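So this one's work33.pdb, PDB, C-alpha atoms:
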ATOM      1  CA  MET L   1      60.503  46.872  -4.357
ATOM      2  CA  GLN L   2      64.209  46.132  -4.046
ATOM      3  CA  ARG L   3      65.513  42.605  -4.062
ATOM      4  CA  THR L   4      65.389  41.259  -0.525
ATOM      5  CA  GLU L   5      67.513  38.426   0.829
ATOM      6  CA  ILE L   6      66.167  36.360   3.708
ATOM      7  CA  ILE L   7      68.405  33.935   5.623
ATOM      8  CA  ILE L   8      66.947  31.441   8.101
ATOM      9  CA  PRO L   9      69.006  28.896  10.091
ATOM     10  CA  ALA L  10      68.234  25.217  10.567
ATOM     11  CA  SER L  11      67.380  23.977  14.031
ATOM     12  CA  THR L  12      67.604  20.921  16.207
ATOM     13  CA  SER L  13      64.858  20.405  18.757
ATOM     14  CA  ASN L  14      64.004  18.432  21.892
ATOM     15  CA  LEU L  15      67.641  18.059  23.032
ATOM     16  CA  GLY L  16      66.837  14.780  24.702
ATOM     17  CA  ALA L  17      64.575  15.268  27.701
ATOM     18  CA  SER L  18      63.491  18.805  26.777
ATOM     19  CA  PHE L  19      60.759  17.448  24.511
ATOM     20  CA  ASP L  20      58.790  20.147  22.640
ATOM     21  CA  ALA L  21      60.440  22.808  24.810
ATOM     22  CA  VAL L  22      64.019  23.583  23.758
ATOM     23  CA  GLY L  23      65.672  24.124  20.394
ATOM     24  CA  LEU L  24      69.014  25.227  19.023
ATOM     25  CA  ALA L  25      69.765  27.137  15.791
ATOM     26  CA  LEU L  26      72.473  25.602  13.601
ATOM     27  CA  THR L  27      74.792  26.937  10.916
ATOM     28  CA  LEU L  28      72.899  25.398   8.001
ATOM     29  CA  TYR L  29      70.728  27.856   6.120
ATOM     30  CA  LEU L  30      67.676  28.445   3.969
ATOM     31  CA  ARG L  31      68.300  31.462   1.722
ATOM     32  CA  VAL L  32      65.477  33.164  -0.142
ATOM     33  CA  THR L  33      65.878  36.060  -2.577
ATOM     34  CA  VAL L  34      62.616  37.925  -3.154
ATOM     35  CA  GLU L  35      61.697  39.982  -6.217
ATOM     36  CA  ALA L  36      58.147  41.256  -6.625
ATOM     37  CA  ALA L  37      56.215  39.931  -9.640
ATOM     38  CA  ALA L  38      52.802  40.698 -11.070
ATOM     39  CA  ASP L  39      50.347  38.057  -9.962
ATOM     40  CA  GLU L  40      51.733  34.805  -8.601
ATOM     41  CA  PHE L  41      54.595  33.144  -6.846
ATOM     42  CA  VAL L  42      57.249  31.403  -8.926
ATOM     43  CA  ILE L  43      59.836  29.417  -7.001
ATOM     44  CA  HIS L  44      63.325  28.533  -8.269
ATOM     45  CA  PRO L  45      64.725  25.967  -5.798
ATOM     46  CA  THR L  46      68.301  24.727  -5.542
ATOM     47  CA  GLY L  47      70.207  22.749  -2.954
ATOM     48  CA  GLU L  48      68.821  20.179  -0.528
ATOM     49  CA  GLY L  49      65.568  18.571  -1.645
ATOM     50  CA  ALA L  50      65.171  20.881  -4.653
ATOM     51  CA  ALA L  51      63.556  18.168  -6.758
ATOM     52  CA  ALA L  52      60.765  17.733  -4.201
ATOM     53  CA  VAL L  53      59.982  21.429  -3.737
ATOM     54  CA  GLU L  54      56.798  22.936  -5.197
ATOM     55  CA  ARG L  55      57.519  25.694  -7.711
ATOM     56  CA  GLY L  56      54.333  27.750  -7.499
ATOM     57  CA  GLU L  57      51.584  28.864  -5.154
ATOM     58  CA  ALA L  58      51.511  25.433  -3.478
ATOM     59  CA  ASN L  59      55.006  25.996  -2.078
ATOM     60  CA  LEU L  60      54.996  26.299   1.721
ATOM     61  CA  ILE L  61      56.771  29.662   1.676
ATOM     62  CA  ALA L  62      54.188  31.077  -0.743
ATOM     63  CA  ARG L  63      51.259  29.616   1.209
ATOM     64  CA  VAL L  64      52.493  31.146   4.452
ATOM     65  CA  ALA L  65      52.970  34.560   2.843
ATOM     66  CA  ARG L  66      49.441  34.447   1.380
ATOM     67  CA  PHE L  67      47.993  33.297   4.715
ATOM     68  CA  VAL L  68      49.552  36.177   6.643
ATOM     69  CA  ALA L  69      48.366  38.680   4.035
ATOM     70  CA  ALA L  70      44.812  37.331   4.260
ATOM     71  CA  ARG L  71      44.833  37.434   8.052
ATOM     72  CA  ARG L  72      45.983  41.031   8.014
ATOM     73  CA  GLY L  73      43.635  42.117   5.234
ATOM     74  CA  ARG L  74      46.517  43.157   3.035
ATOM     75  CA  ALA L  75      46.992  42.590  -0.700
ATOM     76  CA  ILE L  76      50.433  41.454  -1.796
ATOM     77  CA  THR L  77      51.756  40.842  -5.273
ATOM     78  CA  GLY L  78      53.269  37.594  -6.393
ATOM     79  CA  ALA L  79      57.029  37.161  -6.305
ATOM     80  CA  ARG L  80      59.946  35.379  -7.859
ATOM     81  CA  LEU L  81      61.719  33.475  -5.106
ATOM     82  CA  ALA L  82      65.193  32.028  -5.550
ATOM     83  CA  VAL L  83      65.353  29.444  -2.764
ATOM     84  CA  THR L  84      68.608  27.740  -1.826
ATOM     85  CA  SER L  85      68.630  25.279   1.055
ATOM     86  CA  GLU L  86      71.425  23.608   2.991
ATOM     87  CA  ILE L  87      68.880  21.928   5.293
ATOM     88  CA  PRO L  88      68.097  18.259   4.597
ATOM     89  CA  LEU L  89      64.367  17.553   4.271
ATOM     90  CA  ALA L  90      62.516  15.207   6.648
ATOM     91  CA  ARG L  91      65.623  14.641   8.753
ATOM     92  CA  GLY L  92      64.693  16.444  11.986
ATOM     93  CA  LEU L  93      66.562  19.679  11.243
ATOM     94  CA  GLY L  94      63.650  22.101  11.072
ATOM     95  CA  SER L  95      63.357  22.438   7.303
ATOM     96  CA  SER L  96      59.622  23.173   7.486
ATOM     97  CA  SER L  97      60.036  25.640  10.365
ATOM     98  CA  SER L  98      62.668  27.557   8.428
ATOM     99  CA  ALA L  99      60.318  27.695   5.427
ATOM    100  CA  ILE L 100      57.474  28.987   7.616
ATOM    101  CA  ILE L 101      59.621  31.760   9.069
ATOM    102  CA  ALA L 102      60.798  32.509   5.527
ATOM    103  CA  GLY L 103      57.183  32.751   4.325
ATOM    104  CA  ILE L 104      56.296  35.270   7.027
ATOM    105  CA  SER L 105      59.430  37.210   6.101
ATOM    106  CA  VAL L 106      58.426  37.195   2.422
ATOM    107  CA  TYR L 107      55.109  38.751   3.437
ATOM    108  CA  GLU L 108      56.995  41.466   5.311
ATOM    109  CA  ALA L 109      59.235  42.104   2.295
ATOM    110  CA  LEU L 110      56.303  42.385  -0.115
ATOM    111  CA  SER L 111      54.032  44.424   2.151
ATOM    112  CA  GLY L 112      56.640  46.661   3.743
ATOM    113  CA  GLU L 113      55.167  45.791   7.130
ATOM    114  CA  ARG L 114      57.221  44.616  10.104
ATOM    115  CA  LEU L 115      55.510  42.231  12.492
ATOM    116  CA  SER L 116      56.117  41.803  16.204
ATOM    117  CA  ASP L 117      57.667  38.604  17.543
ATOM    118  CA  GLU L 118      54.301  37.694  19.065
ATOM    119  CA  GLU L 119      52.570  38.092  15.709
ATOM    120  CA  ILE L 120      55.240  36.113  13.872
ATOM    121  CA  PHE L 121      55.004  33.187  16.263
ATOM    122  CA  GLY L 122      51.212  33.331  16.258
ATOM    123  CA  TYR L 123      51.062  33.001  12.472
ATOM    124  CA  ALA L 124      53.796  30.357  12.413
ATOM    125  CA  LEU L 125      51.907  28.146  14.880
ATOM    126  CA  HIS L 126      49.015  27.901  12.420
ATOM    127  CA  PHE L 127      51.278  25.831  10.208
ATOM    128  CA  GLU L 128      53.339  23.904  12.730
ATOM    129  CA  GLY L 129      53.113  23.352  16.450
ATOM    130  CA  HIS L 130      56.841  22.927  16.981
ATOM    131  CA  GLY L 131      57.816  26.076  18.817
ATOM    132  CA  ASP L 132      61.169  24.521  19.671
ATOM    133  CA  ASN L 133      62.049  24.660  15.953
ATOM    134  CA  LEU L 134      60.271  27.887  15.037
ATOM    135  CA  ALA L 135      61.809  29.943  17.836
ATOM    136  CA  PRO L 136      65.503  29.208  17.190
ATOM    137  CA  SER L 137      65.012  29.592  13.430
ATOM    138  CA  PHE L 138      63.735  33.108  14.102
ATOM    139  CA  LEU L 139      65.801  34.150  17.130
ATOM    140  CA  GLY L 140      68.961  32.063  16.806
ATOM    141  CA  GLY L 141      70.879  30.508  19.697
ATOM    142  CA  LEU L 142      69.456  28.197  22.324
ATOM    143  CA  VAL L 143      65.781  28.966  22.917
ATOM    144  CA  VAL L 144      63.356  27.708  25.520
ATOM    145  CA  ALA L 145      59.922  27.976  23.889
ATOM    146  CA  CYS L 146      56.547  27.650  25.582
ATOM    147  CA  VAL L 147      53.183  27.823  23.791
ATOM    148  CA  VAL L 148      50.940  30.401  25.467
ATOM    149  CA  GLY L 149      47.341  31.368  24.811
ATOM    150  CA  GLU L 150      44.582  29.319  23.230
ATOM    151  CA  ASP L 151      43.273  28.579  19.733
ATOM    152  CA  ASP L 152      43.782  31.564  17.396
ATOM    153  CA  GLY L 153      45.392  33.526  20.203
ATOM    154  CA  GLN L 154      48.361  31.209  20.587
ATOM    155  CA  SER L 155      51.913  32.482  20.475
ATOM    156  CA  LEU L 156      55.223  31.589  22.101
ATOM    157  CA  ALA L 157      56.893  32.718  25.286
ATOM    158  CA  THR L 158      60.592  32.467  24.470
ATOM    159  CA  VAL L 159      63.862  32.871  26.337
ATOM    160  CA  LYS L 160      67.056  32.917  24.295
ATOM    161  CA  ARG L 161      70.236  31.767  26.004
ATOM    162  CA  ALA L 162      73.894  31.820  25.104
ATOM    163  CA  TRP L 163      75.372  28.506  24.007
ATOM    164  CA  PRO L 164      78.804  27.614  25.437
ATOM    165  CA  GLU L 165      81.440  28.083  22.736
ATOM    166  CA  ALA L 166      83.385  25.029  23.888
ATOM    167  CA  VAL L 167      80.598  22.662  22.825
ATOM    168  CA  LYS L 168      80.297  21.910  19.102
ATOM    169  CA  MET L 169      77.885  19.666  17.235
ATOM    170  CA  VAL L 170      78.414  16.794  14.848
ATOM    171  CA  LEU L 171      75.398  15.712  12.805
ATOM    172  CA  ALA L 172      74.989  12.296  11.256
ATOM    173  CA  VAL L 173      72.333  12.442   8.550
ATOM    174  CA  PRO L 174      71.193   8.930   7.532
ATOM    175  CA  ASP L 175      70.146   8.090   4.000
ATOM    176  CA  TYR L 176      66.509   7.598   5.051
ATOM    177  CA  GLU L 177      63.742   9.992   6.078
ATOM    178  CA  MET L 178      61.459   9.905   9.116
ATOM    179  CA  ASP L 179      58.078  11.583   8.802
ATOM    180  CA  THR L 180      57.392  13.987  11.669
ATOM    181  CA  ALA L 181      53.644  13.283  11.757
ATOM    182  CA  GLU L 182      54.198   9.520  11.816
ATOM    183  CA  MET L 183      56.777   9.866  14.582
ATOM    184  CA  ARG L 184      54.311  11.953  16.587
ATOM    185  CA  ARG L 185      51.737   9.163  16.254
ATOM    186  CA  ALA L 186      54.321   6.688  17.547
ATOM    187  CA  LEU L 187      54.298   8.397  20.941
ATOM    188  CA  PRO L 188      52.114   7.188  23.829
ATOM    189  CA  GLN L 189      49.159   9.375  24.776
ATOM    190  CA  GLN L 190      49.743   8.803  28.481
ATOM    191  CA  VAL L 191      52.944   8.403  30.483
ATOM    192  CA  THR L 192      53.676   7.318  34.014
ATOM    193  CA  LEU L 193      54.423   9.789  36.778
ATOM    194  CA  ALA L 194      57.886   8.231  37.084
ATOM    195  CA  ASP L 195      58.665   8.899  33.407
ATOM    196  CA  ALA L 196      57.333  12.453  33.618
ATOM    197  CA  VAL L 197      59.519  13.181  36.641
ATOM    198  CA  PHE L 198      62.511  11.552  34.913
ATOM    199  CA  ASN L 199      62.188  13.996  32.018
ATOM    200  CA  LEU L 200      61.466  17.036  34.174
ATOM    201  CA  GLN L 201      64.620  16.408  36.159
ATOM    202  CA  ARG L 202      66.791  16.072  33.070
ATOM    203  CA  ALA L 203      65.248  19.028  31.260
ATOM    204  CA  ALA L 204      66.084  21.164  34.290
ATOM    205  CA  LEU L 205      69.520  19.550  34.487
ATOM    206  CA  LEU L 206      70.271  20.579  30.889
ATOM    207  CA  GLN L 207      69.765  24.267  31.675
ATOM    208  CA  ALA L 208      71.936  24.005  34.793
ATOM    209  CA  VAL L 209      74.640  22.112  32.878
ATOM    210  CA  LEU L 210      74.792  24.852  30.252
ATOM    211  CA  ALA L 211      74.694  27.680  32.785
ATOM    212  CA  GLU L 212      77.472  26.248  34.944
ATOM    213  CA  GLN L 213      79.352  24.462  32.130
ATOM    214  CA  ARG L 214      79.177  21.140  33.985
ATOM    215  CA  PHE L 215      79.512  19.183  30.761
ATOM    216  CA  GLU L 216      80.214  15.897  32.540
ATOM    217  CA  TRP L 217      76.446  15.767  33.122
ATOM    218  CA  LEU L 218      75.395  16.561  29.555
ATOM    219  CA  SER L 219      74.874  12.932  28.523
ATOM    220  CA  GLU L 220      72.561  12.442  31.510
ATOM    221  CA  ALA L 221      70.595  15.576  30.598
ATOM    222  CA  LEU L 222      70.039  14.183  27.077
ATOM    223  CA  ARG L 223      68.366  10.984  28.253
ATOM    224  CA  ASP L 224      64.595  10.830  28.075
ATOM    225  CA  ARG L 225      61.643   8.482  28.330
ATOM    226  CA  LEU L 226      58.952  10.404  26.445
ATOM    227  CA  HIS L 227      59.964  10.299  22.784
ATOM    228  CA  GLN L 228      63.371   8.844  21.883
ATOM    229  CA  PRO L 229      62.682   5.284  23.116
ATOM    230  CA  HIS L 230      59.479   5.243  21.029
ATOM    231  CA  ARG L 231      60.978   6.744  17.869
ATOM    232  CA  ALA L 232      64.399   5.132  17.759
ATOM    233  CA  PRO L 233      63.104   1.651  16.791
ATOM    234  CA  TYR L 234      61.667   3.167  13.581
ATOM    235  CA  GLY L 235      65.101   4.381  12.479
ATOM    236  CA  PRO L 236      67.714   1.710  11.751
ATOM    237  CA  GLY L 237      70.800   2.338  13.832
ATOM    238  CA  LEU L 238      69.309   4.967  16.123
ATOM    239  CA  VAL L 239      69.093   2.693  19.165
ATOM    240  CA  ASP L 240      72.809   1.913  18.827
ATOM    241  CA  VAL L 241      73.676   5.611  18.574
ATOM    242  CA  LEU L 242      71.674   6.522  21.689
ATOM    243  CA  GLU L 243      73.601   3.898  23.651
ATOM    244  CA  LEU L 244      76.628   6.176  23.334
ATOM    245  CA  ASN L 245      75.204   8.178  26.246
ATOM    246  CA  ASP L 246      76.295   5.213  28.385
ATOM    247  CA  GLU L 247      79.790   5.234  26.881
ATOM    248  CA  THR L 248      81.036   8.826  26.840
ATOM    249  CA  ARG L 249      83.965   7.960  29.127
ATOM    250  CA  ASN L 250      85.218   5.553  26.473
ATOM    251  CA  HIS L 251      85.222   8.219  23.752
ATOM    252  CA  PRO L 252      87.238  11.347  24.617
ATOM    253  CA  GLY L 253      85.624  14.508  23.323
ATOM    254  CA  LEU L 254      82.113  13.073  23.192
ATOM    255  CA  LEU L 255      79.716  14.703  25.663
ATOM    256  CA  GLY L 256      76.399  13.141  24.645
ATOM    257  CA  VAL L 257      74.024  12.277  21.810
ATOM    258  CA  ALA L 258      70.359  12.784  20.932
ATOM    259  CA  ILE L 259      67.919  12.304  18.091
ATOM    260  CA  SER L 260      67.486  15.629  16.321
ATOM    261  CA  GLY L 261      63.793  16.488  16.334
ATOM    262  CA  ALA L 262      61.779  13.481  15.187
ATOM    263  CA  GLY L 263      64.800  12.028  13.341
ATOM    264  CA  SER L 264      66.409  10.605  11.376
ATOM    265  CA  THR L 265      69.420  12.857  12.065
ATOM    266  CA  VAL L 266      71.363  12.232  15.233
ATOM    267  CA  ILE L 267      73.357  14.965  16.904
ATOM    268  CA  ALA L 268      76.485  14.511  18.979
ATOM    269  CA  PHE L 269      77.771  17.182  21.323
ATOM    270  CA  ALA L 270      81.534  17.291  21.681
ATOM    271  CA  ASP L 271      84.331  19.518  22.927
ATOM    272  CA  ASP L 272      87.228  17.779  21.135
ATOM    273  CA  ARG L 273      88.134  15.098  18.567
ATOM    274  CA  PHE L 274      85.271  15.992  16.252
ATOM    275  CA  ASP L 275      86.494  13.805  13.384
ATOM    276  CA  GLU L 276      86.616  10.805  15.717
ATOM    277  CA  VAL L 277      83.113  11.561  16.962
ATOM    278  CA  ALA L 278      81.868  11.749  13.364
ATOM    279  CA  ALA L 279      83.496   8.406  12.550
ATOM    280  CA  LEU L 280      81.916   6.892  15.664
ATOM    281  CA  LEU L 281      78.425   7.963  14.587
ATOM    282  CA  GLU L 282      78.997   6.601  11.079
ATOM    283  CA  ALA L 283      80.198   3.283  12.500
ATOM    284  CA  ARG L 284      77.160   2.885  14.751
ATOM    285  CA  LEU L 285      74.782   3.538  11.871
ATOM    286  CA  SER L 286      76.799   1.292   9.568
ATOM    287  CA  ARG L 287      76.164  -1.640  11.921
ATOM    288  CA  ALA L 288      72.525  -1.385  10.833
ATOM    289  CA  GLY L 289      73.479  -1.139   7.174
ATOM    290  CA  VAL L 290      72.822   2.596   7.101
ATOM    291  CA  ARG L 291      74.937   5.050   5.186
ATOM    292  CA  ALA L 292      75.152   8.540   6.657
ATOM    293  CA  ARG L 293      76.920  11.776   5.931
ATOM    294  CA  THR L 294      78.367  13.721   8.820
ATOM    295  CA  LEU L 295      78.453  17.483   9.209
ATOM    296  CA  ALA L 296      80.292  19.548  11.795
ATOM    297  CA  VAL L 297      78.160  22.569  12.680
ATOM    298  CA  ALA L 298      78.155  25.380  15.187
ATOM    299  CA  VAL L 299      75.366  27.353  16.807
ATOM    300  CA  ASP L 300      73.875  30.238  14.825
ATOM    301  CA  ASN L 301      73.329  33.053  17.292
ATOM    302  CA  CYS L 302      71.803  35.533  14.829
ATOM    303  CA  GLY L 303      68.602  33.832  13.761
ATOM    304  CA  ARG L 304      66.662  35.345  10.885
ATOM    305  CA  VAL L 305      68.497  37.910   8.786
ATOM    306  CA  ILE L 306      66.770  40.203   6.233
ATOM    307  CA  ARG L 307      68.864  42.241   3.814
ATOM    308  CA  SER L 308      67.518  44.689   1.241
TER     309      SER L 308
END

Hey, can you dump this file as structure tokens for me?
Amino acid sequence: MQRTEIIIPASTSNLGASFDAVGLALTLYLRVTVEAAADEFVIHPTGEGAAAVERGEANLIARVARFVAARRGRAITGARLAVTSEIPLARGLGSSSSAIIAGISVYEALSGERLSDEEIFGYALHFEGHGDNLAPSFLGGLVVACVVGEDDGQSLATVKRAWPEAVKMVLAVPDYEMDTAEMRRALPQQVTLADAVFNLQRAALLQAVLAEQRFEWLSEALRDRLHQPHRAPYGPGLVDVLELNDETRNHPGLLGVAISGAGSTVIAFADDRFDEVAALLEARLSRAGVRARTLAVAVDNCGRVIRS
């Protein structure tokens, strides 16, 4: 086979109240170059988290490719994978989702088979239940993702939407990790009707805000009661950052903030003064003794790209 290049964007999920339902693809990328090899996978990682990445069959990308092949009754060779990542690990930016989509894409490259969106999402959900990360990493843009079906028949119903060009993102990536599984366990198993309604209203508000470009309401749409209040105490400085949703009028350009995924990254939405917004996030985290790097990113509207 020819060398194949696979490019998968990072993602931010939840977007405040839209817990487990909405994600956004970002211009940070996982790049994988595939060359067929005789028997096994050999991974050559560079970039973010390279020291922690498995270099053989235990690598997530390799495991996903083997899983899909087994499910489809197809034999695939091994491969040499050059993997370069710009996506910080365990920071709430969809690094595992991008690897899962990459693994399915590696299977396609090695087998010559092209899978449907339904099949891709069905296989991906075997490894991770976060459709709000998987969908934007595959489709790009803003995606509303809903799990449909049951057990082995699960897939995603997805609707991709245009993101307003006026709104940019500033990420603050703290120097500590937050484990997604642990942060899931931190959430209550039951919530009050009042809290459920609070989130439903703001999740709906977010879609209306984006459709009508009523950005004065974005900070309200990013508030929630289901996950951020329970996760923020585990991340030094995160409570202080979330309080910026009460202070947007004091900071021109800032439209609102949220925890990205399960954390620890926080994401600020802004339409001006991006350097000032970045400095503001750094200052809030610094109060808690946390060092953070800031990144200005845009929305990736392409999603997965495969080049041969």

Taking only C-alpha atoms into account, produce a table as JSON lines in which each residue of region 133-193 of chain L with an atom at most 9 Å from an atom of region 231-251 of chain L appears once, together with its shortest atom pair and the distance in Å to one decimal, ordered by chain and rising number.
{"residue": "L:Tyr176", "atom": "CA", "partner": "L:Gly235", "partner_atom": "CA", "distance": 8.2}
{"residue": "L:Glu177", "atom": "CA", "partner": "L:Gly235", "partner_atom": "CA", "distance": 8.6}
{"residue": "L:Met178", "atom": "CA", "partner": "L:Gly235", "partner_atom": "CA", "distance": 7.4}
{"residue": "L:Met183", "atom": "CA", "partner": "L:Arg231", "partner_atom": "CA", "distance": 6.2}
{"residue": "L:Arg184", "atom": "CA", "partner": "L:Arg231", "partner_atom": "CA", "distance": 8.6}
{"residue": "L:Ala186", "atom": "CA", "partner": "L:Arg231", "partner_atom": "CA", "distance": 6.7}
{"residue": "L:Leu187", "atom": "CA", "partner": "L:Arg231", "partner_atom": "CA", "distance": 7.5}

Could you take the residues named above and write them with C-alpha atoms, as a PDB file, keeping the file's coordinate frame?
ATOM      1  CA  TYR L 176      66.509   7.598   5.051  1.00  0.00           C
ATOM      2  CA  GLU L 177      63.742   9.992   6.078  1.00  0.00           C
ATOM      3  CA  MET L 178      61.459   9.905   9.116  1.00  0.00           C
ATOM      4  CA  MET L 183      56.777   9.866  14.582  1.00  0.00           C
ATOM      5  CA  ARG L 184      54.311  11.953  16.587  1.00  0.00           C
ATOM      6  CA  ALA L 186      54.321   6.688  17.547  1.00  0.00           C
ATOM      7  CA  LEU L 187      54.298   8.397  20.941  1.00  0.00           C
TER       8      LEU L 187
END

Inset, instruction - Could you check how far CA of Ala99 (chain L) sits from CA of Ser137 (chain L), in Å to one decimal? - result: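 Pair CA of Ala99 (chain L) / CA of Ser137 (chain L) returns 9.5 Å.
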
Quick one: which residues end up in the PyMOL selection byres ((chain L and resi 268) around 10) for this structure, as a PDB file with C-alpha atoms, in the coordinates of the input?
ATOM      1  CA  VAL L 167      80.598  22.662  22.825  1.00  0.00           C
ATOM      2  CA  LYS L 168      80.297  21.910  19.102  1.00  0.00           C
ATOM      3  CA  MET L 169      77.885  19.666  17.235  1.00  0.00           C
ATOM      4  CA  VAL L 170      78.414  16.794  14.848  1.00  0.00           C
ATOM      5  CA  LEU L 171      75.398  15.712  12.805  1.00  0.00           C
ATOM      6  CA  ALA L 172      74.989  12.296  11.256  1.00  0.00           C
ATOM      7  CA  SER L 219      74.874  12.932  28.523  1.00  0.00           C
ATOM      8  CA  VAL L 241      73.676   5.611  18.574  1.00  0.00           C
ATOM      9  CA  LEU L 242      71.674   6.522  21.689  1.00  0.00           C
ATOM     10  CA  LEU L 244      76.628   6.176  23.334  1.00  0.00           C
ATOM     11  CA  ASN L 245      75.204   8.178  26.246  1.00  0.00           C
ATOM     12  CA  LEU L 254      82.113  13.073  23.192  1.00  0.00           C
ATOM     13  CA  LEU L 255      79.716  14.703  25.663  1.00  0.00           C
ATOM     14  CA  GLY L 256      76.399  13.141  24.645  1.00  0.00           C
ATOM     15  CA  VAL L 257      74.024  12.277  21.810  1.00  0.00           C
ATOM     16  CA  ALA L 258      70.359  12.784  20.932  1.00  0.00           C
ATOM     17  CA  ILE L 259      67.919  12.304  18.091  1.00  0.00           C
ATOM     18  CA  SER L 260      67.486  15.629  16.321  1.00  0.00           C
ATOM     19  CA  VAL L 266      71.363  12.232  15.233  1.00  0.00           C
ATOM     20  CA  ILE L 267      73.357  14.965  16.904  1.00  0.00           C
ATOM     21  CA  PHE L 269      77.771  17.182  21.323  1.00  0.00           C
ATOM     22  CA  ALA L 270      81.534  17.291  21.681  1.00  0.00           C
ATOM     23  CA  PHE L 274      85.271  15.992  16.252  1.00  0.00           C
ATOM     24  CA  VAL L 277      83.113  11.561  16.962  1.00  0.00           C
ATOM     25  CA  ALA L 278      81.868  11.749  13.364  1.00  0.00           C
ATOM     26  CA  LEU L 280      81.916   6.892  15.664  1.00  0.00           C
ATOM     27  CA  LEU L 281      78.425   7.963  14.587  1.00  0.00           C
ATOM     28  CA  ALA L 296      80.292  19.548  11.795  1.00  0.00           C
TER      29      ALA L 296
END

Inset, instruction - With a distance cut-off of 12 Å and all atoms listed in the file, select the neighbouring residues of Gly129 (chain L), excluding the residue or stretch itself and same-chain residues fewer than 2 positions from it, and output the selection as number ranges by chain. - result: L: 20-21, 94, 96-97, 100, 121-127, 131-135, 145-148, 151, 154-156, 180-181, 184

Pull C-alpha atoms from the residues just selected and write them as a compact mmCIF listing (two decimals), in the coordinates of the input.
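Result file follows (part34.txt):
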# COMPACT_ATOMS: atom_id res chain seq x y z
CA ASP L 20 58.79 20.15 22.64
CA ALA L 21 60.44 22.81 24.81
CA GLY L 94 63.65 22.10 11.07
CA SER L 96 59.62 23.17 7.49
CA SER L 97 60.04 25.64 10.36
CA ILE L 100 57.47 28.99 7.62
CA PHE L 121 55.00 33.19 16.26
CA GLY L 122 51.21 33.33 16.26
CA TYR L 123 51.06 33.00 12.47
CA ALA L 124 53.80 30.36 12.41
CA LEU L 125 51.91 28.15 14.88
CA HIS L 126 49.02 27.90 12.42
CA PHE L 127 51.28 25.83 10.21
CA GLY L 131 57.82 26.08 18.82
CA ASP L 132 61.17 24.52 19.67
CA ASN L 133 62.05 24.66 15.95
CA LEU L 134 60.27 27.89 15.04
CA ALA L 135 61.81 29.94 17.84
CA ALA L 145 59.92 27.98 23.89
CA CYS L 146 56.55 27.65 25.58
CA VAL L 147 53.18 27.82 23.79
CA VAL L 148 50.94 30.40 25.47
CA ASP L 151 43.27 28.58 19.73
CA GLN L 154 48.36 31.21 20.59
CA SER L 155 51.91 32.48 20.48
CA LEU L 156 55.22 31.59 22.10
CA THR L 180 57.39 13.99 11.67
CA ALA L 181 53.64 13.28 11.76
CA ARG L 184 54.31 11.95 16.59

Inset, instruction - To one decimal in Å, tell me the separation between CA of Arg55 (chain L) and CA of Val83 (chain L). - result: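 For CA of Arg55 (chain L) relative to CA of Val83 (chain L), the distance reads 10.0 Å.
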
Inset, instruction - Tell me which of L:Gly289, L:Pro229, L:Ala65, L:Ala157 sits closest to Asp175 (chain L), counting all atoms listed in the file. - result: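 Smallest distance to Asp175 (chain L) is found for L:Gly289.
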
Inset, instruction - Would you mind telling me which residue in L:Val106, L:Val209, L:Ala221, L:Leu93 lies nearest to Ala79 (chain L) when using all atoms listed in the file? - result: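 Of L:Val106, L:Val209, L:Ala221, L:Leu93, the one nearest Ala79 (chain L), counting all atoms listed in the file, is L:Val106.
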
Inset, instruction - Given the file shown, determine the residues that the PyMOL selection byres ((chain L and resi 107) around 8) selects; report them as a list in words. - result: Ala65, Arg66, Val68, Ala69, Ile76, Gly103, Ile104, Ser105, Val106, Glu108, Ala109, Leu110, Ser111 and Glu113 of chain L

Could region 45-53 of chain L be completed with N, CA and C atoms and returned as a PDB file, in the coordinates of the input?
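Okay, rebuild13.pdb is ready:
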ATOM      1  N   PRO L  45      63.994  26.595  -6.897  1.00  0.00           N
ATOM      2  CA  PRO L  45      64.725  25.967  -5.798  1.00  0.00           C
ATOM      3  C   PRO L  45      66.055  25.352  -6.242  1.00  0.00           C
ATOM      4  N   THR L  46      67.039  25.438  -5.366  1.00  0.00           N
ATOM      5  CA  THR L  46      68.301  24.727  -5.542  1.00  0.00           C
ATOM      6  C   THR L  46      68.735  24.208  -4.174  1.00  0.00           C
ATOM      7  N   GLY L  47      69.677  23.279  -4.208  1.00  0.00           N
ATOM      8  CA  GLY L  47      70.207  22.749  -2.954  1.00  0.00           C
ATOM      9  C   GLY L  47      69.442  21.537  -2.462  1.00  0.00           C
ATOM     10  N   GLU L  48      69.425  21.352  -1.154  1.00  0.00           N
ATOM     11  CA  GLU L  48      68.821  20.179  -0.528  1.00  0.00           C
ATOM     12  C   GLU L  48      67.345  20.050  -0.902  1.00  0.00           C
ATOM     13  N   GLY L  49      66.967  18.879  -1.384  1.00  0.00           N
ATOM     14  CA  GLY L  49      65.568  18.571  -1.645  1.00  0.00           C
ATOM     15  C   GLY L  49      64.930  19.372  -2.754  1.00  0.00           C
ATOM     16  N   ALA L  50      65.737  19.998  -3.623  1.00  0.00           N
ATOM     17  CA  ALA L  50      65.171  20.881  -4.653  1.00  0.00           C
ATOM     18  C   ALA L  50      64.182  20.164  -5.553  1.00  0.00           C
ATOM     19  N   ALA L  51      64.438  18.903  -5.845  1.00  0.00           N
ATOM     20  CA  ALA L  51      63.556  18.168  -6.758  1.00  0.00           C
ATOM     21  C   ALA L  51      62.166  17.963  -6.173  1.00  0.00           C
ATOM     22  N   ALA L  52      62.056  17.995  -4.846  1.00  0.00           N
ATOM     23  CA  ALA L  52      60.765  17.733  -4.201  1.00  0.00           C
ATOM     24  C   ALA L  52      60.003  19.006  -3.857  1.00  0.00           C
ATOM     25  N   VAL L  53      60.578  20.164  -4.156  1.00  0.00           N
ATOM     26  CA  VAL L  53      59.982  21.429  -3.737  1.00  0.00           C
ATOM     27  C   VAL L  53      58.984  21.935  -4.781  1.00  0.00           C
TER      28      VAL L  53
END
